[in-house]
$ cat run_19.txt   # compact mmCIF, C-alpha atoms
# COMPACT_ATOMS: atom_id res chain seq x y z
CA MET P 1 13.64 -21.29 25.05
CA SER P 2 10.56 -23.29 26.05
CA GLU P 3 9.70 -26.38 24.01
CA GLU P 4 6.21 -24.90 23.68
CA CYS P 5 7.50 -21.61 22.25
CA THR P 6 5.32 -20.25 19.41
CA HIS P 7 7.87 -17.54 18.52
CA ASN P 8 5.13 -14.97 19.09
CA CYS P 9 6.41 -12.82 21.95
CA ASP P 10 3.25 -10.66 21.92
CA SER P 11 1.18 -13.51 23.36
CA CYS P 12 3.79 -14.90 25.74
CA ALA P 13 4.52 -13.81 29.31
CA ALA P 14 7.74 -15.79 29.68
CA ASN P 15 10.91 -13.77 30.12
CA CYS P 16 13.24 -16.13 28.30
CA GLY P 17 16.62 -15.32 26.77
CA SER P 18 15.19 -15.57 23.26
CA ARG P 19 12.48 -13.01 23.87
CA GLN P 20 12.27 -10.55 20.98
CA GLU P 21 11.25 -7.05 21.93
CA LYS P 22 9.45 -5.00 19.33
CA VAL P 23 11.66 -2.59 17.46
CA ASP P 24 10.01 0.45 15.91
CA LEU P 25 11.51 0.78 12.43
CA HIS P 26 9.33 3.73 11.43
CA GLU P 27 11.20 6.75 10.16
CA LYS P 28 10.61 10.00 12.01
CA LEU P 29 8.64 12.78 10.41
CA ASN P 30 10.19 16.15 9.84
CA PRO P 31 9.83 17.98 13.20
CA MET P 32 7.65 20.59 11.49
CA SER P 33 5.26 18.00 9.99
CA GLN P 34 1.98 16.64 11.28
CA VAL P 35 0.35 13.59 9.66
CA LYS P 36 -2.52 11.85 11.45
CA LYS P 37 -3.38 8.89 9.19
CA VAL P 38 -1.48 7.16 6.37
CA ILE P 39 -3.32 5.09 3.75
CA GLY P 40 -1.49 3.02 1.14
CA VAL P 41 -2.97 2.32 -2.28
CA VAL P 42 -1.47 -0.88 -3.66
CA SER P 43 -1.80 -3.61 -6.25
CA GLY P 44 0.00 -6.77 -7.23
CA LYS P 45 0.50 -5.59 -10.81
CA GLY P 46 0.76 -2.38 -12.82
CA GLY P 47 -1.74 -0.61 -15.01
CA VAL P 48 -4.79 -1.11 -12.83
CA GLY P 49 -5.31 2.52 -11.80
CA LYS P 50 -3.66 3.01 -8.40
CA SER P 51 -2.84 6.64 -9.14
CA LEU P 52 -6.44 7.30 -10.17
CA VAL P 53 -7.82 5.72 -7.01
CA THR P 54 -5.25 7.57 -4.88
CA SER P 55 -6.27 10.88 -6.44
CA MET P 56 -9.99 10.15 -6.11
CA LEU P 57 -9.60 9.34 -2.43
CA ALA P 58 -7.52 12.44 -1.71
CA VAL P 59 -10.07 14.66 -3.45
CA GLU P 60 -13.07 12.94 -1.84
CA MET P 61 -11.66 13.31 1.68
CA ASN P 62 -10.65 16.89 0.90
CA ARG P 63 -14.25 17.65 -0.08
CA ARG P 64 -15.36 16.23 3.24
CA GLY P 65 -13.40 18.92 5.00
CA PHE P 66 -10.18 17.05 5.76
CA HIS P 67 -6.70 18.27 4.84
CA THR P 68 -5.25 15.61 2.55
CA ALA P 69 -1.93 14.87 0.92
CA VAL P 70 -0.51 12.49 -1.69
CA LEU P 71 2.97 11.00 -1.35
CA ASP P 72 3.81 9.70 -4.81
CA ALA P 73 5.96 6.63 -4.08
CA ASP P 74 5.98 5.52 -7.71
CA ILE P 75 9.40 7.03 -8.37
CA THR P 76 9.98 5.59 -11.84
CA GLY P 77 6.43 6.16 -13.08
CA PRO P 78 5.04 9.26 -11.36
CA SER P 79 1.65 10.39 -12.61
CA ILE P 80 0.11 12.24 -9.65
CA PRO P 81 1.36 15.73 -10.69
CA LYS P 82 -0.13 15.26 -14.18
CA ILE P 83 -3.51 14.26 -12.75
CA PHE P 84 -3.62 17.35 -10.54
CA GLY P 85 -2.24 19.66 -13.22
CA ILE P 86 0.86 20.51 -11.17
CA HIS P 87 3.83 21.67 -13.22
CA GLU P 88 5.67 23.89 -10.74
CA LYS P 89 8.64 22.62 -8.79
CA ALA P 90 8.81 21.84 -5.11
CA THR P 91 10.83 24.31 -3.07
CA GLY P 92 13.07 23.88 -0.06
CA SER P 93 14.41 25.75 2.93
CA GLU P 94 16.78 25.10 5.79
CA PHE P 95 13.94 23.19 7.47
CA GLY P 96 13.11 20.79 4.62
CA LEU P 97 11.24 20.36 1.35
CA HIS P 98 7.87 22.00 0.79
CA PRO P 99 5.20 20.04 -1.12
CA VAL P 100 3.22 21.68 -3.90
CA THR P 101 -0.44 22.37 -3.16
CA SER P 102 -3.03 21.62 -5.82
CA LYS P 103 -5.77 24.05 -6.84
CA GLY P 104 -8.16 22.27 -4.48
CA GLY P 105 -5.78 22.26 -1.52
CA VAL P 106 -4.23 18.77 -1.69
CA GLU P 107 -0.53 18.70 -0.77
CA VAL P 108 1.56 16.68 -3.24
CA MET P 109 5.14 15.44 -3.30
CA SER P 110 6.46 13.53 -6.29
CA ILE P 111 9.82 13.01 -7.92
CA ASN P 112 8.53 14.91 -10.96
CA LEU P 113 8.34 18.02 -8.78
CA LEU P 114 12.12 17.81 -8.31
CA LEU P 115 13.31 16.98 -11.84
CA ASP P 116 14.46 19.64 -14.30
CA GLU P 117 12.20 18.16 -16.98
CA GLU P 118 9.00 16.20 -16.43
CA THR P 119 9.97 13.65 -19.09
CA MET P 120 13.40 12.88 -17.61
CA PRO P 121 13.60 9.18 -16.72
CA VAL P 122 14.60 8.12 -13.23
CA VAL P 123 17.26 5.47 -13.88
CA TRP P 124 18.06 4.48 -10.33
CA ARG P 125 18.57 1.19 -8.55
CA GLY P 126 16.19 -0.10 -5.90
CA PRO P 127 17.95 1.12 -2.73
CA ILE P 128 18.18 4.70 -4.03
CA ILE P 129 14.50 4.66 -4.99
CA ALA P 130 13.55 3.31 -1.58
CA ASN P 131 15.62 5.99 0.19
CA THR P 132 13.91 8.67 -1.89
CA VAL P 133 10.53 7.48 -0.66
CA LYS P 134 11.82 7.65 2.92
CA GLN P 135 12.97 11.23 2.31
CA PHE P 136 9.51 12.16 1.09
CA TRP P 137 8.38 11.21 4.60
CA THR P 138 11.30 12.52 6.69
CA ASP P 139 12.42 15.63 4.80
CA VAL P 140 9.15 17.07 3.50
CA ILE P 141 7.21 19.52 5.66
CA TRP P 142 3.64 18.20 5.66
CA THR P 143 1.34 20.76 7.24
CA ASN P 144 -1.40 19.42 9.52
CA ILE P 145 -2.42 16.51 7.29
CA ASP P 146 -5.49 14.52 8.32
CA TYR P 147 -5.07 11.82 5.68
CA MET P 148 -2.00 11.07 3.60
CA PHE P 149 -2.45 8.73 0.63
CA VAL P 150 0.62 6.88 -0.62
CA ASP P 151 0.53 5.96 -4.31
CA MET P 152 2.64 2.80 -4.45
CA PRO P 153 4.38 1.24 -7.42
CA PRO P 154 3.07 -2.21 -8.41
CA GLY P 155 4.21 -5.46 -6.92
CA THR P 156 5.84 -6.45 -3.65
CA GLY P 157 9.38 -5.14 -4.14
CA ASP P 158 11.66 -2.57 -2.52
CA VAL P 159 9.31 0.42 -2.37
CA PRO P 160 6.18 -1.27 -0.94
CA LEU P 161 8.41 -2.99 1.61
CA THR P 162 10.05 0.35 2.48
CA VAL P 163 6.67 2.05 2.88
CA PHE P 164 5.29 -0.70 5.11
CA GLN P 165 8.41 -0.75 7.28
CA SER P 166 9.23 2.95 7.40
CA LEU P 167 5.84 4.68 7.47
CA PRO P 168 3.11 4.16 10.09
CA VAL P 169 0.57 2.84 7.57
CA ASP P 170 -2.91 2.72 9.13
CA GLY P 171 -4.45 0.68 6.32
CA ILE P 172 -4.28 -0.15 2.63
CA ILE P 173 -6.73 -0.27 -0.24
CA ILE P 174 -6.03 -2.85 -2.94
CA VAL P 175 -6.78 -1.91 -6.54
CA THR P 176 -7.45 -4.53 -9.18
CA SER P 177 -9.01 -5.05 -12.61
CA PRO P 178 -11.55 -7.61 -13.93
CA GLN P 179 -9.30 -10.36 -15.26
CA ASP P 180 -8.88 -14.07 -14.62
CA LEU P 181 -5.54 -13.51 -12.86
CA VAL P 182 -7.16 -11.19 -10.32
CA SER P 183 -7.34 -13.73 -7.50
CA MET P 184 -3.64 -14.59 -7.67
CA ILE P 185 -2.51 -10.95 -7.98
CA VAL P 186 -4.75 -9.76 -5.16
CA GLY P 187 -3.53 -12.68 -3.07
CA LYS P 188 0.06 -11.47 -3.34
CA ALA P 189 -0.90 -7.99 -2.10
CA VAL P 190 -3.05 -9.44 0.70
CA ASN P 191 -0.34 -11.79 1.89
CA MET P 192 2.30 -9.07 1.88
CA ALA P 193 0.03 -6.84 3.97
CA LYS P 194 -0.51 -9.68 6.44
CA MET P 195 3.22 -10.34 6.66
CA MET P 196 3.77 -6.66 7.49
CA ASN P 197 0.77 -6.51 9.89
CA VAL P 198 -0.92 -3.77 7.86
CA PRO P 199 -4.76 -3.65 7.99
CA ILE P 200 -6.59 -4.12 4.68
CA LEU P 201 -9.51 -1.73 4.30
CA GLY P 202 -10.95 -3.28 1.15
CA LEU P 203 -10.83 -3.86 -2.58
CA VAL P 204 -11.51 -1.45 -5.45
CA GLU P 205 -12.04 -2.86 -8.93
CA ASN P 206 -11.15 -0.41 -11.70
CA MET P 207 -12.17 -0.61 -15.37
CA SER P 208 -15.11 -2.81 -14.36
CA TYR P 209 -17.45 -1.76 -17.16
CA ILE P 210 -18.53 0.99 -19.51
CA GLU P 211 -21.93 2.61 -19.30
CA CYS P 212 -23.94 3.23 -22.45
CA PRO P 213 -24.64 6.99 -22.59
CA ASP P 214 -28.10 6.36 -24.03
CA CYS P 215 -29.63 3.36 -22.27
CA LYS P 216 -27.25 3.35 -19.24
CA LYS P 217 -26.64 -0.37 -19.63
CA LYS P 218 -23.40 -1.56 -18.03
CA ILE P 219 -21.18 -3.49 -20.44
CA GLU P 220 -18.36 -5.57 -18.95
CA ILE P 221 -15.90 -5.32 -21.83
CA PHE P 222 -13.16 -7.26 -20.01
CA GLY P 223 -15.48 -10.10 -19.11
CA GLN P 224 -17.53 -10.87 -16.05
CA SER P 225 -16.27 -9.31 -12.85
CA HIS P 226 -14.89 -11.60 -10.15
CA ALA P 227 -14.42 -8.81 -7.63
CA GLU P 228 -17.11 -9.93 -5.21
CA GLN P 229 -15.82 -13.51 -5.14
CA VAL P 230 -12.22 -12.35 -4.68
CA ALA P 231 -13.22 -9.96 -1.88
CA MET P 232 -15.07 -12.80 -0.13
CA GLN P 233 -12.15 -15.18 -0.66
CA TYR P 234 -9.80 -12.83 1.19
CA HIS P 235 -12.36 -11.68 3.76
CA MET P 236 -12.45 -8.00 2.88
CA PRO P 237 -15.16 -5.66 1.62
CA LEU P 238 -15.58 -4.70 -2.02
CA LEU P 239 -15.52 -0.91 -1.73
CA ALA P 240 -16.23 0.06 -5.34
CA ARG P 241 -16.40 -1.02 -8.97
CA LEU P 242 -15.20 1.87 -11.10
CA PRO P 243 -16.22 2.18 -14.75
CA LEU P 244 -14.20 3.28 -17.73
CA ASP P 245 -15.41 6.87 -17.71
CA PRO P 246 -14.34 9.22 -20.54
CA GLN P 247 -14.98 12.24 -18.30
CA ILE P 248 -12.47 10.96 -15.75
CA ALA P 249 -9.90 10.26 -18.46
CA GLN P 250 -10.33 13.72 -19.97
CA ALA P 251 -10.05 15.40 -16.57
CA CYS P 252 -6.81 13.49 -15.81
CA ASP P 253 -5.31 14.27 -19.22
CA ALA P 254 -6.12 17.96 -18.79
CA GLY P 255 -4.77 18.08 -15.23
CA GLU P 256 -8.23 19.11 -14.03
CA PHE P 257 -9.13 16.03 -12.04
CA GLU P 258 -10.38 18.06 -9.10
CA SER P 259 -13.12 19.45 -11.34
CA TYR P 260 -14.64 15.96 -11.72
CA GLN P 261 -17.72 15.88 -9.51
CA GLY P 262 -18.34 12.14 -9.18
CA ALA P 263 -18.25 10.47 -5.75
CA ARG P 264 -17.62 6.92 -6.88
CA LEU P 265 -15.38 6.10 -3.92
CA ALA P 266 -17.75 7.29 -1.20
CA GLN P 267 -17.84 3.86 0.45
CA ALA P 268 -14.05 3.66 0.48
CA ALA P 269 -13.90 7.15 1.99
CA ASP P 270 -16.39 6.04 4.68
CA ALA P 271 -14.09 3.12 5.55
CA ILE P 272 -11.12 5.45 5.84
CA GLN P 273 -12.98 8.03 7.90
CA VAL P 274 -13.83 5.52 10.68
CA LEU P 275 -10.17 4.53 11.22
$ encode --input "run_19.txt" --output "structure tokens"
Amino acid sequence: MSEECTHNCDSCAANCGSRQEKVDLHEKLNPMSQVKKVIGVVSGKGGVGKSLVTSMLAVEMNRRGFHTAVLDADITGPSIPKIFGIHEKATGSEFGLHPVTSKGGVEVMSINLLLDEETMPVVWRGPIIANTVKQFWTDVIWTNIDYMFVDMPPGTGDVPLTVFQSLPVDGIIIVTSPQDLVSMIVGKAVNMAKMMNVPILGLVENMSYIECPDCKKKIEIFGQSHAEQVAMQYHMPLLARLPLDPQIAQACDAGEFESYQGARLAQAADAIQVL
């Protein structure tokens, strides 16, 4: 090994004995599947609205004429089927598992589509959960998907690591909320993405404000937003600031999210569409 070695074989032409060739760790899709782009929706903590943002993006891109899908990687806290009003079970054949298609045409796979009862807890250890996420990629028959959105569990543990290593993620969107700890939490997600060489498309701040139905004044009930400063700090665009909207909440609770007509993530969808 040269004394000047930087340990970055991509930028080095030397053919030394320590040269590390790239190894593709990505799992193979089911032979009957076609997925063009994979977008991860992540955060450094829970409760910030990743599933909502995932659903909004899938619906927005679907309305733009693309065939979209949601891979629900939050195995212990799946909420995607509830948002889309899906209560039927996924089916299988000798070729693999078949996702359930929402009323609007979004293909969905979630652990809740395989359980006997929706309220049954998934009491599994990390490796089993991570392998389940892999199987959602390798064993499910995804039909001609333009954009697949992966709803990740919070943090930087087994499942996010499995997704980044096993799936060909084209980019991630980081979801956060307006709190003082935002910078640190976003930093963890940003640094993990950099470690895994995954492009960051931008930041979405959820629960930013409420809008008075009469005067339309925006009230920041969780305090002043730091989203713009945080986005600048980590050199990424702020794609949206989402309000606390009772109409969205009601649509999610009723399983009628696709009936919500807002286009609050249009800028995020634009960023995804140019990938």
$ closest_residue --input "run_19.txt" --among "P:Thr119, P:Thr138, P:Ser79, P:Ser102" --to "Pro31 (chain P)" --atoms "only C-alpha atoms"
P:Thr138
$ atom_distance --input "run_19.txt" --atom1 "CA of Glu205 (chain P)" --atom2 "CA of Gln261 (chain P)"
19.6 Å
$ residues_around --input "run_19.txt" --residues "Gly47 (chain P)" --least-positions-apart "4" --cutoff "12 Å" --atoms "all atoms listed in the file" --output "JSON, numbers by chain"
{"P": [42, 43, 51, 52, 53, 77, 79, 152, 153, 154, 155, 175, 176, 177, 206, 207]}
$ axis_aligned_box --input "run_19.txt" --around "region 259-274 of chain P" --padding-each-side "8 Å" --output "JSON"
{"center_x": -14.7, "center_y": 11.3, "center_z": -0.5, "size_x": 23.2, "size_y": 32.3, "size_z": 38.4}
$ residues_around --input "run_19.txt" --residues "Ile39 (chain P)" --least-positions-apart "6" --cutoff "6 Å" --atoms "all atoms listed in the file" --output "NGL selection string"
:P and (149 or 169-172)
$ atom_distance --input "run_19.txt" --atom1 "CA of Ala231 (chain P)" --atom2 "CA of Val190 (chain P)"
10.5 Å
$ closest_residue --input "run_19.txt" --among "P:Asn30, P:Thr132, P:Ser183, P:Thr101" --to "Ala227 (chain P)" --atoms "all atoms listed in the file"
P:Ser183
$ decode --input "run_19.txt" --residues "region 54-86 of chain P" --atoms "N, CA and C atoms" --output "PDB file, in the first residue's frame"
ATOM      1  N   THR P  54     -44.810  10.230   2.991  1.00  0.00           N
ATOM      2  CA  THR P  54     -44.694   9.129   2.020  1.00  0.00           C
ATOM      3  C   THR P  54     -45.970   9.000   1.201  1.00  0.00           C
ATOM      4  N   SER P  55     -47.098   9.009   1.884  1.00  0.00           N
ATOM      5  CA  SER P  55     -48.391   8.869   1.207  1.00  0.00           C
ATOM      6  C   SER P  55     -48.668  10.047   0.283  1.00  0.00           C
ATOM      7  N   MET P  56     -48.369  11.252   0.760  1.00  0.00           N
ATOM      8  CA  MET P  56     -48.601  12.448  -0.060  1.00  0.00           C
ATOM      9  C   MET P  56     -47.770  12.415  -1.337  1.00  0.00           C
ATOM     10  N   LEU P  57     -46.524  11.960  -1.211  1.00  0.00           N
ATOM     11  CA  LEU P  57     -45.663  11.891  -2.391  1.00  0.00           C
ATOM     12  C   LEU P  57     -46.152  10.834  -3.381  1.00  0.00           C
ATOM     13  N   ALA P  58     -46.545   9.669  -2.855  1.00  0.00           N
ATOM     14  CA  ALA P  58     -47.037   8.608  -3.736  1.00  0.00           C
ATOM     15  C   ALA P  58     -48.288   9.052  -4.488  1.00  0.00           C
ATOM     16  N   VAL P  59     -49.179   9.739  -3.792  1.00  0.00           N
ATOM     17  CA  VAL P  59     -50.419  10.208  -4.423  1.00  0.00           C
ATOM     18  C   VAL P  59     -50.127  11.327  -5.423  1.00  0.00           C
ATOM     19  N   GLU P  60     -49.251  12.255  -5.048  1.00  0.00           N
ATOM     20  CA  GLU P  60     -48.921  13.371  -5.944  1.00  0.00           C
ATOM     21  C   GLU P  60     -48.295  12.868  -7.244  1.00  0.00           C
ATOM     22  N   MET P  61     -47.348  11.946  -7.147  1.00  0.00           N
ATOM     23  CA  MET P  61     -46.717  11.432  -8.356  1.00  0.00           C
ATOM     24  C   MET P  61     -47.690  10.581  -9.166  1.00  0.00           C
ATOM     25  N   ASN P  62     -48.594   9.899  -8.484  1.00  0.00           N
ATOM     26  CA  ASN P  62     -49.630   9.128  -9.163  1.00  0.00           C
ATOM     27  C   ASN P  62     -50.537  10.047  -9.974  1.00  0.00           C
ATOM     28  N   ARG P  63     -50.875  11.197  -9.405  1.00  0.00           N
ATOM     29  CA  ARG P  63     -51.725  12.163 -10.107  1.00  0.00           C
ATOM     30  C   ARG P  63     -51.018  12.772 -11.302  1.00  0.00           C
ATOM     31  N   ARG P  64     -49.696  12.744 -11.278  1.00  0.00           N
ATOM     32  CA  ARG P  64     -48.928  13.262 -12.407  1.00  0.00           C
ATOM     33  C   ARG P  64     -48.774  12.242 -13.528  1.00  0.00           C
ATOM     34  N   GLY P  65     -49.396  11.094 -13.348  1.00  0.00           N
ATOM     35  CA  GLY P  65     -49.394  10.097 -14.406  1.00  0.00           C
ATOM     36  C   GLY P  65     -48.370   8.997 -14.259  1.00  0.00           C
ATOM     37  N   PHE P  66     -47.684   8.949 -13.113  1.00  0.00           N
ATOM     38  CA  PHE P  66     -46.694   7.903 -12.877  1.00  0.00           C
ATOM     39  C   PHE P  66     -47.304   6.775 -12.049  1.00  0.00           C
ATOM     40  N   HIS P  67     -46.809   5.566 -12.276  1.00  0.00           N
ATOM     41  CA  HIS P  67     -47.275   4.423 -11.479  1.00  0.00           C
ATOM     42  C   HIS P  67     -46.414   4.365 -10.228  1.00  0.00           C
ATOM     43  N   THR P  68     -47.039   4.504  -9.062  1.00  0.00           N
ATOM     44  CA  THR P  68     -46.283   4.596  -7.822  1.00  0.00           C
ATOM     45  C   THR P  68     -46.598   3.438  -6.886  1.00  0.00           C
ATOM     46  N   ALA P  69     -45.687   3.259  -5.926  1.00  0.00           N
ATOM     47  CA  ALA P  69     -45.850   2.193  -4.940  1.00  0.00           C
ATOM     48  C   ALA P  69     -45.290   2.665  -3.602  1.00  0.00           C
ATOM     49  N   VAL P  70     -45.784   2.053  -2.527  1.00  0.00           N
ATOM     50  CA  VAL P  70     -45.263   2.325  -1.187  1.00  0.00           C
ATOM     51  C   VAL P  70     -44.832   1.004  -0.568  1.00  0.00           C
ATOM     52  N   LEU P  71     -43.560   0.928  -0.191  1.00  0.00           N
ATOM     53  CA  LEU P  71     -43.045  -0.198   0.578  1.00  0.00           C
ATOM     54  C   LEU P  71     -42.982   0.271   2.028  1.00  0.00           C
ATOM     55  N   ASP P  72     -43.841  -0.280   2.851  1.00  0.00           N
ATOM     56  CA  ASP P  72     -43.930   0.128   4.247  1.00  0.00           C
ATOM     57  C   ASP P  72     -42.866  -0.632   5.045  1.00  0.00           C
ATOM     58  N   ALA P  73     -41.727   0.037   5.295  1.00  0.00           N
ATOM     59  CA  ALA P  73     -40.621  -0.599   6.005  1.00  0.00           C
ATOM     60  C   ALA P  73     -40.709  -0.415   7.515  1.00  0.00           C
ATOM     61  N   ASP P  74     -41.763   0.242   7.975  1.00  0.00           N
ATOM     62  CA  ASP P  74     -41.969   0.403   9.419  1.00  0.00           C
ATOM     63  C   ASP P  74     -42.733  -0.827   9.915  1.00  0.00           C
ATOM     64  N   ILE P  75     -42.012  -1.891  10.159  1.00  0.00           N
ATOM     65  CA  ILE P  75     -42.625  -3.191  10.439  1.00  0.00           C
ATOM     66  C   ILE P  75     -43.377  -3.200  11.776  1.00  0.00           C
ATOM     67  N   THR P  76     -42.836  -2.534  12.779  1.00  0.00           N
ATOM     68  CA  THR P  76     -43.484  -2.579  14.096  1.00  0.00           C
ATOM     69  C   THR P  76     -44.539  -1.484  14.271  1.00  0.00           C
ATOM     70  N   GLY P  77     -44.571  -0.525  13.364  1.00  0.00           N
ATOM     71  CA  GLY P  77     -45.581   0.535  13.467  1.00  0.00           C
ATOM     72  C   GLY P  77     -46.163   0.899  12.122  1.00  0.00           C
ATOM     73  N   PRO P  78     -46.736  -0.069  11.411  1.00  0.00           N
ATOM     74  CA  PRO P  78     -47.236   0.196  10.052  1.00  0.00           C
ATOM     75  C   PRO P  78     -48.507   1.042  10.071  1.00  0.00           C
ATOM     76  N   SER P  79     -48.521   2.090   9.275  1.00  0.00           N
ATOM     77  CA  SER P  79     -49.712   2.937   9.213  1.00  0.00           C
ATOM     78  C   SER P  79     -50.165   3.225   7.784  1.00  0.00           C
ATOM     79  N   ILE P  80     -49.384   2.807   6.803  1.00  0.00           N
ATOM     80  CA  ILE P  80     -49.724   3.081   5.404  1.00  0.00           C
ATOM     81  C   ILE P  80     -51.074   2.470   5.001  1.00  0.00           C
ATOM     82  N   PRO P  81     -51.362   1.198   5.335  1.00  0.00           N
ATOM     83  CA  PRO P  81     -52.664   0.641   4.938  1.00  0.00           C
ATOM     84  C   PRO P  81     -53.844   1.437   5.498  1.00  0.00           C
ATOM     85  N   LYS P  82     -53.731   1.906   6.744  1.00  0.00           N
ATOM     86  CA  LYS P  82     -54.795   2.701   7.354  1.00  0.00           C
ATOM     87  C   LYS P  82     -55.022   3.991   6.584  1.00  0.00           C
ATOM     88  N   ILE P  83     -53.941   4.667   6.209  1.00  0.00           N
ATOM     89  CA  ILE P  83     -54.045   5.930   5.484  1.00  0.00           C
ATOM     90  C   ILE P  83     -54.762   5.743   4.154  1.00  0.00           C
ATOM     91  N   PHE P  84     -54.477   4.623   3.479  1.00  0.00           N
ATOM     92  CA  PHE P  84     -55.072   4.375   2.163  1.00  0.00           C
ATOM     93  C   PHE P  84     -56.388   3.607   2.252  1.00  0.00           C
ATOM     94  N   GLY P  85     -56.818   3.285   3.463  1.00  0.00           N
ATOM     95  CA  GLY P  85     -58.080   2.567   3.614  1.00  0.00           C
ATOM     96  C   GLY P  85     -58.026   1.141   3.106  1.00  0.00           C
ATOM     97  N   ILE P  86     -56.859   0.503   3.218  1.00  0.00           N
ATOM     98  CA  ILE P  86     -56.688  -0.869   2.735  1.00  0.00           C
ATOM     99  C   ILE P  86     -56.842  -1.833   3.906  1.00  0.00           C
TER     100      ILE P  86
END
